[in-house]
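The structure appears below as structure tokens.
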Amino acid sequence: MAEERLATRTQFPASAESQKPRLKKAQEFPILEKQNWLIHLHYIRKDYEACKAVIKEQLQETQGLCEYAIYVQALIFRLEGNIQESLELFQTCAVLSPQCADNLKQVARSLFLLGKHKAAIEVYNEAAKLNQKDWEICHNLGVCYIYLKQFDKAHDQLHNALHLNRHDLTYIMLGKIHLLQGDLDKAIEIYKKAVEFSPENTELLTTLGLLYLQLGIYQKAFEHLGNALTYDPTNYKAILAAGSMMQTHGDFDVALTKYRVVACAVPESPPLWNNIGMCFFGKKKYVAAISCLKRANYLAPFDWKILYNLGLVHLTMQQYASAFHFVSAAINLQPKMGELFMLLAVALTNLEDPENARRAYAEAARLDRCNPLVNLNYAVLLYNQGERKGALAQFQEMEKKIRLLKDSPSLEFDAEVCLFISAQEARWPRSWELPCRSGRRWSGRNQLKTPSQSTGALQPAKLPVCSSPWALTRLWDRPCRRQLRTGNSHQVPEQQPSPPSRRLCPWSQSPPQEHSQLKHQPRSEKHRSRTAPGQGSSGGDVAG
Amino acid sequence: MAAASSSDSDSGRAESSEASSKWLDAHYDPMANIHTFSSCLALADLHGDGEYKLVVGDLGPSGQHPRLKVLKGPTVLTESPLPALPAAAATFLMEQHEPRTPALALASGPCVYVYKNLKPYFKFTLPQLPPNPLEQDLWNQVKEDRIDPLTLKEMLEGIREKAEVPLSVQSLRFLQLELSEMEAFVSQHKSKSIKRQTVITTMTTLKKNLADEDAVSCLVLGTENKELLVLDPEAFTILAKMSLPSVPVFLEVSGQFDVEFRLAAACRNGNIYILRRDSKRPKYCIELSAQPVGLVRVHKVLVVGSNQDTLHGFTHKGKKLWTVQMPAAILTMNLLEQRSRSLQAVMAGLANGEVHIYHDKALLNVIRTPDVVTSLCFGRYGREDNTLIMTTRGGGLIIKILKRTAVFVEARGEAGPPPAQAMKLNVPRKTRLYVDQTLREREAGTAMHRTFQTDLYLLRLRAARAYVQALESSLNPVSVTAREPLKLHAVVQGLGPTFKLTLHLQNTSTARPILGLLVCFLYNEVLYALPRAFFKVPLLVPGLNYPLETFVESLSDKGISDIIKVLVLREGQSAPLLSAHINMPVSEGLEAT
């Protein structure tokens, strides 16, 4: 050892000698952390220019030894998007003080931002060795695992994080895992807990509201969305969701005022303009509706729901040729939906192309599982063409579907259709009345509960699932009514409801058509009678 | 009342109207040259004459020339240079003696400078931190020349890796040196004892044993080595020492040192730790998940501003009470205390040039300022009880006086709908033409549809025919045959009359090279001249792009252009594999020909 020491010494005799004169005045070393407080103050005030100036000065003075200065410099780099540089600086920090878990955490964070999740996990694990009880490490590990699709591990880590310290962000991530796994109930459970923990977090409230909406629990959905709006009256997602629910209830004016806020904040949102368009549709301002829907379509040309609504509005306007184009565009984007084909068939029927209409109906009947209107309209078409057998088969199919719908408790069926069916069952008694059927449960009141995503159609983009099958039935019943109605130019005037219910209005207002397809006046009369319960708030008997 | 409050909040929003303002503009000097933080502002009756002065620990325009300034009214009374940047300023009563003039304490670097009557009175320096015993031992050995620099370096690195106590600057500097410099460094510094010195990051005052307004106060210091120290006001000895998990940035104290006190320290790791008298370690911890930018205690609520533009209220046990979103980033915060109406509120200087005043969640008032406010202070100044002092980023000084008649009223309940709700929707208008067309479609929809369908079929038919024809005559630029998958595209460069025509040929097969191809140009010989109209293509390696260049001379001076056809052929076959039509540009250099 001694020899070695000697050897190394003798290697640099010259340099040692040359430095000797300086020996007398050994200068004081500046304190490394002298200006850390100033760097920090500038940093938290986001005064990055001043901050960088101080850091530079400090690093010059300490010859790059000031760890905190490097640390903040790295943070600023990361904020400016230079993640690679920040990573290198954080690694320098980790070399300067290897025992500090914080440096490792930042290294991992930068790796995470660079998309190197596996490397990030390794570094986080190392940091976790230094600091066992840090929720942040657990949380970020969980997030990394989510990106690696290892949901079980992510789940464990996030629960650990919650165990150490509860944070909204952890709840959100945990909820996300459940959503990614398609487990809505568990996600709701998590978000419920989160809202309990932090009742004023609008993001949590909105997400919970949307989840309830997705499950069809409208009361709770509205409650949470409303809460979110109390705390943040300009919350885009919450306004859209709440607005679509208002539309369901027919409060178009209220919904429109709410949408104004969004229109200011996010003027280029396709769902917003879609919903505004359907509000105008509900208010029977068809031209405005078309304008708004076309804007929505311009903003999101590949969204079939907007095209669908456009098709619907054009059908209402009796612009069948245009409707045909919009609907066929929607079908190209979404070829698996029976209702779209039904709409196409309605357009084709009106364009006097019964052959293709029949084909479209056949396709619709093939694809559709639960919408009786498809079969109903098909049956009408077949009947008009004189194919009583086929019509009967379709009618029976429809009855089957209705029975199914009746049995499932969550779904409430359109009273109109029921009335129609009862009418059919009565077979053609011209002077048709509904004494026996009036006792049925599906009164107009129930309609109010149906979520019309059709009008509200698009929830904020995050949760496309919101377009429940219900949404579509809402949309769909319009065309069918249209068809049923056709040909009844001599309707009973007093039946025209003065403020017609939203869903019926397009049809009740449409001028009489001359199509000769449907000669069944009784049926059309039935439809008239249907409008009454539809609008009536009491929703009592349907006796009409 | 409701009407009054709503109009009040409106006036708060649009503070411009002078009459409705609650503040009198006492002084505004954009060139006051004061650059400081709220923690370096203090108001005190320094001379005991009832005239309150403003003490400013000024950092200087670029943090270069720190100064201690004392202002009386709008003018600077005294100004003296400081040895280092001031981290905090505080005024406090040191002893019971008459006259009861408060002392001024200025924390800067590792020292607290205490002034009495604006004269230097005492300098307190933080005690040295104990050095790492192993490190001390190593340097002692060096001193006695028992180990050489290389060994020293190795040992020091070992200590740095593992030890709890960090190394001194001297050792750190040594570790950075090159081999050649070590010897000199060691001989220069070995005789010195190693030191570890820390600095003060923040300072506040804490009443010693009485809650009175004019009671003796202790200084509470936060240091860079994660400690809190309480100093005795007379002897400047350390009365208590507490340690924190991170470096304190802001302190907020209530109570009396001898009785019971609570200390809240916002730290650099984004947490706020709450300590009590008998606790050496934090009792509660608030995790913000953001950096705190200000900490103010209003009665029993801790109000914290975070750098995510939010203001949070917490209880003294760390339970979150409320959150308010700010319109812009918070730069600084301070307490507004209007004693006459026993009102306590929080002022927050925002990055958008506004100062918002909050009582709990409720916005009481908004002050618009000509520049971004970076430090705030409210209290008795001169002889006026309620004065607001603000300094701006550009170094300006703004002094406002709260009108004696002014009453802050909270906007009750909800603030009402957002203003955007009143704006009209911008629904696109439809023209008369559109309406006419709609009407026409209603009338003749079926006919339109049929015509459209017929035309569509015709179009499709034509497209299909053209496609088949193209395939048959290899008119397409991408060859689809299995044997020669080829891609061709051509570029014409130049203004004329000479153009450069570059053909890019690419073999798109995965592995098979193609050999024996020919390129042939077909063109009108009256208009164009090419050096070679027919040439062989070299071997095409899969995936590579082969640019084949040739010059085209335009012969016509009439400004006409024509098509040049490019055919790619296989040797021995007459049908081309590929072909391209190149639309030649008009030659612009006519006179040259």
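Naming works like this for the structure tokens: A, B, ... for the chains as they're shown, residue 1 at the start of each chain, ligands 1 onward in shown order.
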
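Selected on chain B by distance to chain A: Asp148, Glu183, Ala184, Gln188, Thr201, Val293, Leu331, Ala420, Gln421, Leu425, Pro428, Glu441, Arg442, Gly445, Thr446 and His449 of chain B (within 6 Å, counting only C-alpha atoms).
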
Quick one: write out the picked residues with N, CA, C and O atoms as a short mmCIF file (atom, residue, chain, number, x, y, z; two decimals), in the first residue's frame?
data_model
loop_
_atom_site.label_atom_id
_atom_site.label_comp_id
_atom_site.auth_asym_id
_atom_site.auth_seq_id
_atom_site.Cartn_x
_atom_site.Cartn_y
_atom_site.Cartn_z
N ASP B 148 -2.46 8.95 0.19
CA ASP B 148 -2.24 9.80 -0.97
C ASP B 148 -3.59 10.17 -1.59
O ASP B 148 -4.62 9.59 -1.27
N GLU B 183 -3.06 16.63 -6.31
CA GLU B 183 -1.93 16.84 -5.39
C GLU B 183 -1.92 18.28 -4.88
O GLU B 183 -1.86 18.54 -3.68
N ALA B 184 -2.03 19.19 -5.83
CA ALA B 184 -1.99 20.60 -5.48
C ALA B 184 -3.14 20.95 -4.55
O ALA B 184 -2.98 21.65 -3.55
N GLN B 188 -2.89 22.27 -0.75
CA GLN B 188 -3.42 23.60 -0.49
C GLN B 188 -4.43 23.58 0.66
O GLN B 188 -4.49 24.49 1.46
N THR B 201 -33.44 29.51 4.57
CA THR B 201 -34.32 29.61 3.41
C THR B 201 -35.53 30.47 3.70
O THR B 201 -36.10 31.07 2.80
N VAL B 293 -47.05 27.73 -3.54
CA VAL B 293 -46.45 29.01 -3.87
C VAL B 293 -46.74 30.07 -2.82
O VAL B 293 -46.30 31.20 -2.93
N LEU B 331 -48.59 34.08 -8.07
CA LEU B 331 -47.18 34.43 -7.91
C LEU B 331 -46.83 34.65 -6.46
O LEU B 331 -45.74 34.32 -6.01
N ALA B 420 -70.36 33.30 -20.57
CA ALA B 420 -70.49 32.74 -21.92
C ALA B 420 -71.92 32.32 -22.21
O ALA B 420 -72.33 32.21 -23.36
N GLN B 421 -72.68 32.08 -21.14
CA GLN B 421 -74.04 31.60 -21.33
C GLN B 421 -74.92 32.65 -22.00
O GLN B 421 -75.93 32.33 -22.60
N LEU B 425 -75.65 31.77 -29.80
CA LEU B 425 -75.02 30.69 -30.54
C LEU B 425 -74.78 31.12 -31.97
O LEU B 425 -75.63 31.76 -32.59
N PRO B 428 -74.85 28.61 -38.21
CA PRO B 428 -74.63 29.00 -39.60
C PRO B 428 -75.96 29.30 -40.30
O PRO B 428 -76.92 28.56 -40.13
N GLU B 441 -86.14 19.68 -54.03
CA GLU B 441 -85.91 18.27 -53.69
C GLU B 441 -87.21 17.63 -53.22
O GLU B 441 -87.49 16.48 -53.53
N ARG B 442 -88.00 18.40 -52.49
CA ARG B 442 -89.27 17.85 -52.01
C ARG B 442 -90.16 17.49 -53.18
O ARG B 442 -90.83 16.47 -53.18
N GLY B 445 -87.89 14.77 -55.59
CA GLY B 445 -86.89 13.94 -54.92
C GLY B 445 -86.65 12.63 -55.64
O GLY B 445 -85.50 12.23 -55.87
N THR B 446 -87.72 11.99 -56.02
CA THR B 446 -87.59 10.68 -56.65
C THR B 446 -86.82 10.78 -57.95
O THR B 446 -85.90 9.99 -58.20
N HIS B 449 -83.20 11.38 -57.31
CA HIS B 449 -82.56 10.17 -56.82
C HIS B 449 -82.25 9.23 -57.98
O HIS B 449 -81.15 8.70 -58.11
#

- Near-Phe124 in chain B list (8 Å; only C-alpha atoms; drop same-chain fewer than 3 positions) as a PyMOL selection string: chain B and resi 111-114+236

With C-alpha atoms retained, could you export that selection as a PDB file, in the first residue's frame?
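Result went into selection.pdb, see below:
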ATOM      1  CA  CYS B 111     -26.655  34.674   8.844  1.00  0.00           C
ATOM      2  CA  VAL B 112     -29.378  36.743  10.411  1.00  0.00           C
ATOM      3  CA  TYR B 113     -28.521  40.423  10.556  1.00  0.00           C
ATOM      4  CA  VAL B 114     -30.321  42.233  13.323  1.00  0.00           C
ATOM      5  CA  PHE B 236     -29.893  34.606  20.132  1.00  0.00           C
TER       6      PHE B 236
END

- Message: Show me, as a PyMOL selection string, the residues that have an atom within 12 Å of Lys69 in chain B when counting only C-alpha atoms, minus same-chain residues fewer than 6 positions from it.
- Response: chain B and resi 32-36+40-43+53-60+75-82+86+89+104+106+118

Using only C-alpha atoms, please write the residues we just selected to a file, as a short mmCIF file (atom, residue, chain, number, x, y, z; two decimals), in the first residue's frame.
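The new file part07.cif reads:
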data_model
loop_
_atom_site.label_atom_id
_atom_site.label_comp_id
_atom_site.auth_asym_id
_atom_site.auth_seq_id
_atom_site.Cartn_x
_atom_site.Cartn_y
_atom_site.Cartn_z
CA ALA B 32 -39.02 52.41 -8.04
CA ASN B 33 -36.45 49.72 -8.74
CA ILE B 34 -37.59 47.34 -6.06
CA HIS B 35 -37.26 43.66 -6.86
CA THR B 36 -38.29 41.48 -4.01
CA CYS B 40 -38.72 40.35 2.26
CA LEU B 41 -41.31 43.03 2.95
CA ALA B 42 -42.06 44.21 6.47
CA LEU B 43 -43.92 47.14 7.98
CA LYS B 53 -41.90 52.45 7.68
CA LEU B 54 -41.60 49.85 4.98
CA VAL B 55 -38.56 47.62 5.13
CA VAL B 56 -37.56 46.03 1.87
CA GLY B 57 -34.88 43.43 1.41
CA ASP B 58 -34.21 44.29 -2.21
CA LEU B 59 -32.58 41.66 -4.41
CA GLY B 60 -31.54 44.17 -7.02
CA THR B 75 -39.54 58.03 -0.61
CA VAL B 76 -36.57 55.92 0.32
CA LEU B 77 -35.34 56.89 3.76
CA THR B 78 -32.16 54.86 3.93
CA GLU B 79 -30.47 52.40 1.69
CA SER B 80 -27.57 50.16 2.57
CA PRO B 81 -25.88 47.37 0.68
CA LEU B 82 -26.18 43.79 1.89
CA PRO B 86 -31.88 38.52 1.54
CA ALA B 89 -37.11 40.13 6.46
CA LEU B 104 -35.34 44.40 12.17
CA LEU B 106 -32.79 40.12 7.78
CA LEU B 118 -31.57 50.93 11.57
#

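Taking CA of Ala264 in chain B as the reference point, CA of Val195 in chain A is found at 27.5 Å.
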
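In this structure, CA of Leu219 in chain B sits 12.8 Å away from CA of Pro102 in chain B.
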
- B:Glu384, B:Asp455, B:Glu157, B:Asp232 ranked by distance to Ile399 in chain B, top pick (using only C-alpha atoms): B:Glu384

- Would you mind listing what lies within 12 Å of range 46-49 of chain B as a list of chain:residue names, with only C-alpha atoms counted and same-chain residues fewer than 4 positions away left out? B:Ala42, B:Lys53, B:Leu54, B:Val55, B:Val70, B:Leu71, B:Lys72, B:Leu77, B:Ala90, B:Thr91, B:Phe92, B:Leu93, B:Glu98, B:Pro99, B:Arg100, B:Thr101, B:Pro102, B:Ala103, B:Leu104, B:Ala105, B:Tyr115, B:Lys116, B:Asn117, B:Leu118, B:Lys119, B:Tyr381, B:Gly382, B:Arg383

If you keep C-alpha atoms, can you produce a file of those selected residues as a CSV table (one decimal), in the first residue's frame?
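Listed below is the output, again_7.csv:
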chain,number,residue,atom,x,y,z
B,42,ALA,CA,-42.1,44.2,6.5
B,53,LYS,CA,-41.9,52.4,7.7
B,54,LEU,CA,-41.6,49.8,5.0
B,55,VAL,CA,-38.6,47.6,5.1
B,70,VAL,CA,-36.3,51.6,4.3
B,71,LEU,CA,-39.2,53.6,2.8
B,72,LYS,CA,-41.2,56.4,4.4
B,77,LEU,CA,-35.3,56.9,3.8
B,90,ALA,CA,-39.0,40.4,9.7
B,91,THR,CA,-39.5,43.0,12.4
B,92,PHE,CA,-39.9,41.9,16.0
B,93,LEU,CA,-39.6,43.2,19.6
B,98,GLU,CA,-38.8,51.2,26.8
B,99,PRO,CA,-38.8,52.7,24.2
B,100,ARG,CA,-40.4,49.7,22.5
B,101,THR,CA,-39.0,50.0,19.1
B,102,PRO,CA,-39.0,46.9,17.1
B,103,ALA,CA,-35.8,45.4,15.8
B,104,LEU,CA,-35.3,44.4,12.2
B,105,ALA,CA,-34.0,41.0,11.2
B,115,TYR,CA,-30.7,46.0,13.1
B,116,LYS,CA,-31.9,48.3,15.9
B,117,ASN,CA,-32.8,51.8,15.0
B,118,LEU,CA,-31.6,50.9,11.6
B,119,LYS,CA,-28.1,50.4,12.9
B,381,TYR,CA,-48.0,52.3,6.8
B,382,GLY,CA,-47.1,55.9,7.7
B,383,ARG,CA,-50.1,56.8,9.7

- Item | Spatial neighbours of Leu555 in chain B, 8 Å, only C-alpha atoms, chain gap at least 6 places, as a ChimeraX atom specification | /B:497,526-529,593

- Message: Among range 137-291 of chain B, which ones does DSSP assign to strand (DSSP E or B) (computed from the backbone)? Answer as an NGL selection string.
- Response: :B and (200-207 or 217-223 or 227-231 or 238-243 or 248-256 or 260-267 or 271-276 or 284-287)

- Item | Residue list (helix (DSSP H, G or I), DSSP) for range 78-302 of chain B, as a PyMOL selection string | chain B and resi 133-143+149-162+169-176+179-189

Emit the selected residues as an mmCIF file, in the first residue's frame, including C-alpha atoms.
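Below you can see out36.cif, which holds the result:
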data_model
loop_
_atom_site.group_PDB
_atom_site.id
_atom_site.type_symbol
_atom_site.label_atom_id
_atom_site.label_comp_id
_atom_site.auth_asym_id
_atom_site.auth_seq_id
_atom_site.Cartn_x
_atom_site.Cartn_y
_atom_site.Cartn_z
ATOM 1 C CA PRO B 133 -16.577 11.641 11.139
ATOM 2 C CA LEU B 134 -15.178 9.311 8.490
ATOM 3 C CA GLU B 135 -14.503 12.203 6.181
ATOM 4 C CA GLN B 136 -12.896 14.176 9.003
ATOM 5 C CA ASP B 137 -10.734 11.206 9.754
ATOM 6 C CA LEU B 138 -9.628 10.893 6.154
ATOM 7 C CA TRP B 139 -8.613 14.514 5.896
ATOM 8 C CA ASN B 140 -6.704 14.220 9.190
ATOM 9 C CA GLN B 141 -4.792 11.345 7.710
ATOM 10 C CA VAL B 142 -4.059 13.392 4.641
ATOM 11 C CA LYS B 143 -2.790 16.160 6.848
ATOM 12 C CA PRO B 149 -4.867 11.651 -3.029
ATOM 13 C CA LEU B 150 -5.945 8.618 -5.025
ATOM 14 C CA THR B 151 -6.791 6.594 -1.965
ATOM 15 C CA LEU B 152 -8.494 9.617 -0.540
ATOM 16 C CA LYS B 153 -10.609 9.875 -3.615
ATOM 17 C CA GLU B 154 -11.632 6.242 -3.455
ATOM 18 C CA MET B 155 -12.513 6.449 0.212
ATOM 19 C CA LEU B 156 -14.469 9.647 -0.222
ATOM 20 C CA GLU B 157 -16.439 8.151 -3.054
ATOM 21 C CA GLY B 158 -17.246 5.215 -0.815
ATOM 22 C CA ILE B 159 -18.560 7.617 1.803
ATOM 23 C CA ARG B 160 -20.623 9.528 -0.728
ATOM 24 C CA GLU B 161 -22.300 6.340 -1.890
ATOM 25 C CA LYS B 162 -23.450 5.204 1.484
ATOM 26 C CA VAL B 169 -17.805 21.123 -0.212
ATOM 27 C CA GLN B 170 -14.102 20.597 0.024
ATOM 28 C CA SER B 171 -14.426 16.869 -0.482
ATOM 29 C CA LEU B 172 -16.969 17.245 -3.250
ATOM 30 C CA ARG B 173 -14.748 19.660 -5.072
ATOM 31 C CA PHE B 174 -11.834 17.303 -4.618
ATOM 32 C CA LEU B 175 -13.784 14.427 -6.126
ATOM 33 C CA GLN B 176 -14.335 16.461 -9.263
ATOM 34 C CA LEU B 179 -5.669 13.356 -11.438
ATOM 35 C CA SER B 180 -3.094 16.030 -12.102
ATOM 36 C CA GLU B 181 -4.792 18.644 -9.996
ATOM 37 C CA MET B 182 -5.339 16.520 -6.924
ATOM 38 C CA GLU B 183 -1.929 16.839 -5.391
ATOM 39 C CA ALA B 184 -1.987 20.600 -5.480
ATOM 40 C CA PHE B 185 -5.494 20.738 -4.134
ATOM 41 C CA VAL B 186 -4.610 18.490 -1.227
ATOM 42 C CA SER B 187 -1.511 20.381 -0.249
ATOM 43 C CA GLN B 188 -3.420 23.603 -0.485
ATOM 44 C CA HIS B 189 -6.375 22.573 1.599
#

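We find CA of Ile39 in chain A and CA of Ile55 in chain A to be spaced 6.7 Å apart.
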
- Contacts of range 279-287 of chain B at 7 Å or less, counting only C-alpha atoms, minus same-chain residues fewer than 2 places along, as number ranges by chain? B: 242-244, 270-277, 289, 317-318

Same residues, C-alpha atoms, saved as a PDB file, in the first residue's frame:
ATOM      1  CA  MET B 242     -37.073  20.555  14.781  1.00  0.00           C
ATOM      2  CA  SER B 243     -36.369  18.527  11.722  1.00  0.00           C
ATOM      3  CA  LEU B 244     -38.462  18.160   8.596  1.00  0.00           C
ATOM      4  CA  GLY B 270     -44.788  19.700  -2.278  1.00  0.00           C
ATOM      5  CA  ASN B 271     -45.879  18.760   1.204  1.00  0.00           C
ATOM      6  CA  ILE B 272     -46.910  20.903   4.132  1.00  0.00           C
ATOM      7  CA  TYR B 273     -45.863  19.675   7.535  1.00  0.00           C
ATOM      8  CA  ILE B 274     -47.557  20.780  10.703  1.00  0.00           C
ATOM      9  CA  LEU B 275     -45.624  20.700  13.964  1.00  0.00           C
ATOM     10  CA  ARG B 276     -46.570  21.505  17.525  1.00  0.00           C
ATOM     11  CA  ARG B 277     -44.628  22.663  20.502  1.00  0.00           C
ATOM     12  CA  SER B 289     -49.153  16.852  -5.281  1.00  0.00           C
ATOM     13  CA  LYS B 317     -54.956  18.920  11.191  1.00  0.00           C
ATOM     14  CA  GLY B 318     -54.442  18.737   7.471  1.00  0.00           C
TER      15      GLY B 318
END

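If you count only C-alpha atoms and ignore residues fewer than 3 places along the chain from range 208-218 of chain A, what sits within 7 Å of it is Ile188, Tyr191, Leu204, Leu205, Ala221, Phe222, His224, Leu225, Val465 and Cys466 of chain A.
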
For all heavy atoms, I'd like the residues from the last selection saved as a short mmCIF file (atom, residue, chain, number, x, y, z; two decimals), in the first residue's frame.
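Below is the file that was written, out_34.cif:
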data_model
loop_
_atom_site.label_atom_id
_atom_site.label_comp_id
_atom_site.auth_asym_id
_atom_site.auth_seq_id
_atom_site.Cartn_x
_atom_site.Cartn_y
_atom_site.Cartn_z
N ILE A 188 -67.40 2.11 -11.08
CA ILE A 188 -68.32 3.01 -10.37
C ILE A 188 -68.03 2.96 -8.87
O ILE A 188 -67.99 3.99 -8.19
CB ILE A 188 -69.79 2.60 -10.67
CG1 ILE A 188 -70.13 3.04 -12.08
CG2 ILE A 188 -70.73 3.20 -9.65
CD1 ILE A 188 -71.59 2.99 -12.39
N TYR A 191 -65.03 5.10 -8.27
CA TYR A 191 -65.29 6.54 -8.40
C TYR A 191 -66.18 7.04 -7.26
O TYR A 191 -66.05 8.17 -6.85
CB TYR A 191 -65.92 6.83 -9.76
CG TYR A 191 -64.90 6.87 -10.87
CD1 TYR A 191 -64.88 5.93 -11.87
CD2 TYR A 191 -63.92 7.86 -10.87
CE1 TYR A 191 -63.93 5.97 -12.87
CE2 TYR A 191 -62.97 7.91 -11.87
CZ TYR A 191 -62.98 6.95 -12.87
OH TYR A 191 -62.03 7.00 -13.84
N LEU A 204 -63.85 13.84 -11.31
CA LEU A 204 -64.40 12.61 -10.73
C LEU A 204 -65.92 12.60 -10.86
O LEU A 204 -66.51 11.59 -11.25
CB LEU A 204 -64.00 12.51 -9.26
CG LEU A 204 -62.54 12.22 -8.97
CD1 LEU A 204 -62.26 12.32 -7.49
CD2 LEU A 204 -62.21 10.82 -9.46
N LEU A 205 -66.52 13.73 -10.52
CA LEU A 205 -67.98 13.79 -10.56
C LEU A 205 -68.50 13.54 -11.97
O LEU A 205 -69.44 12.78 -12.18
CB LEU A 205 -68.45 15.17 -10.09
CG LEU A 205 -68.37 15.43 -8.59
CD1 LEU A 205 -68.59 16.90 -8.29
CD2 LEU A 205 -69.40 14.59 -7.86
N ALA A 221 -77.00 9.81 -12.41
CA ALA A 221 -76.13 10.46 -13.38
C ALA A 221 -76.35 11.96 -13.35
O ALA A 221 -75.41 12.74 -13.27
CB ALA A 221 -76.43 9.91 -14.78
N PHE A 222 -77.61 12.35 -13.35
CA PHE A 222 -77.92 13.77 -13.38
C PHE A 222 -77.44 14.45 -12.12
O PHE A 222 -76.92 15.57 -12.14
CB PHE A 222 -79.42 13.97 -13.56
CG PHE A 222 -79.76 15.30 -14.12
CD1 PHE A 222 -79.54 15.56 -15.46
CD2 PHE A 222 -80.27 16.30 -13.32
CE1 PHE A 222 -79.83 16.81 -15.99
CE2 PHE A 222 -80.56 17.55 -13.85
CZ PHE A 222 -80.34 17.80 -15.18
N HIS A 224 -74.88 13.67 -10.23
CA HIS A 224 -73.43 13.89 -10.22
C HIS A 224 -73.00 14.93 -11.23
O HIS A 224 -72.14 15.75 -10.96
CB HIS A 224 -72.70 12.57 -10.45
CG HIS A 224 -72.73 11.69 -9.23
ND1 HIS A 224 -73.53 10.60 -9.14
CD2 HIS A 224 -72.08 11.78 -8.07
CE1 HIS A 224 -73.38 10.04 -7.96
NE2 HIS A 224 -72.50 10.75 -7.29
N LEU A 225 -73.64 14.88 -12.39
CA LEU A 225 -73.28 15.88 -13.40
C LEU A 225 -73.65 17.27 -12.90
O LEU A 225 -72.91 18.23 -13.08
CB LEU A 225 -74.00 15.57 -14.72
CG LEU A 225 -73.53 14.30 -15.41
CD1 LEU A 225 -74.41 13.99 -16.60
CD2 LEU A 225 -72.09 14.45 -15.85
N VAL A 465 -69.86 4.48 -25.45
CA VAL A 465 -70.80 3.42 -25.14
C VAL A 465 -72.16 3.99 -24.77
O VAL A 465 -73.14 3.29 -24.73
CB VAL A 465 -70.25 2.59 -23.98
CG1 VAL A 465 -70.80 1.19 -24.02
CG2 VAL A 465 -68.75 2.56 -24.04
N CYS A 466 -72.15 5.30 -24.50
CA CYS A 466 -73.37 5.92 -24.04
C CYS A 466 -74.52 5.78 -25.01
O CYS A 466 -75.67 5.92 -24.64
CB CYS A 466 -73.15 7.40 -23.81
SG CYS A 466 -72.36 7.64 -22.26
#
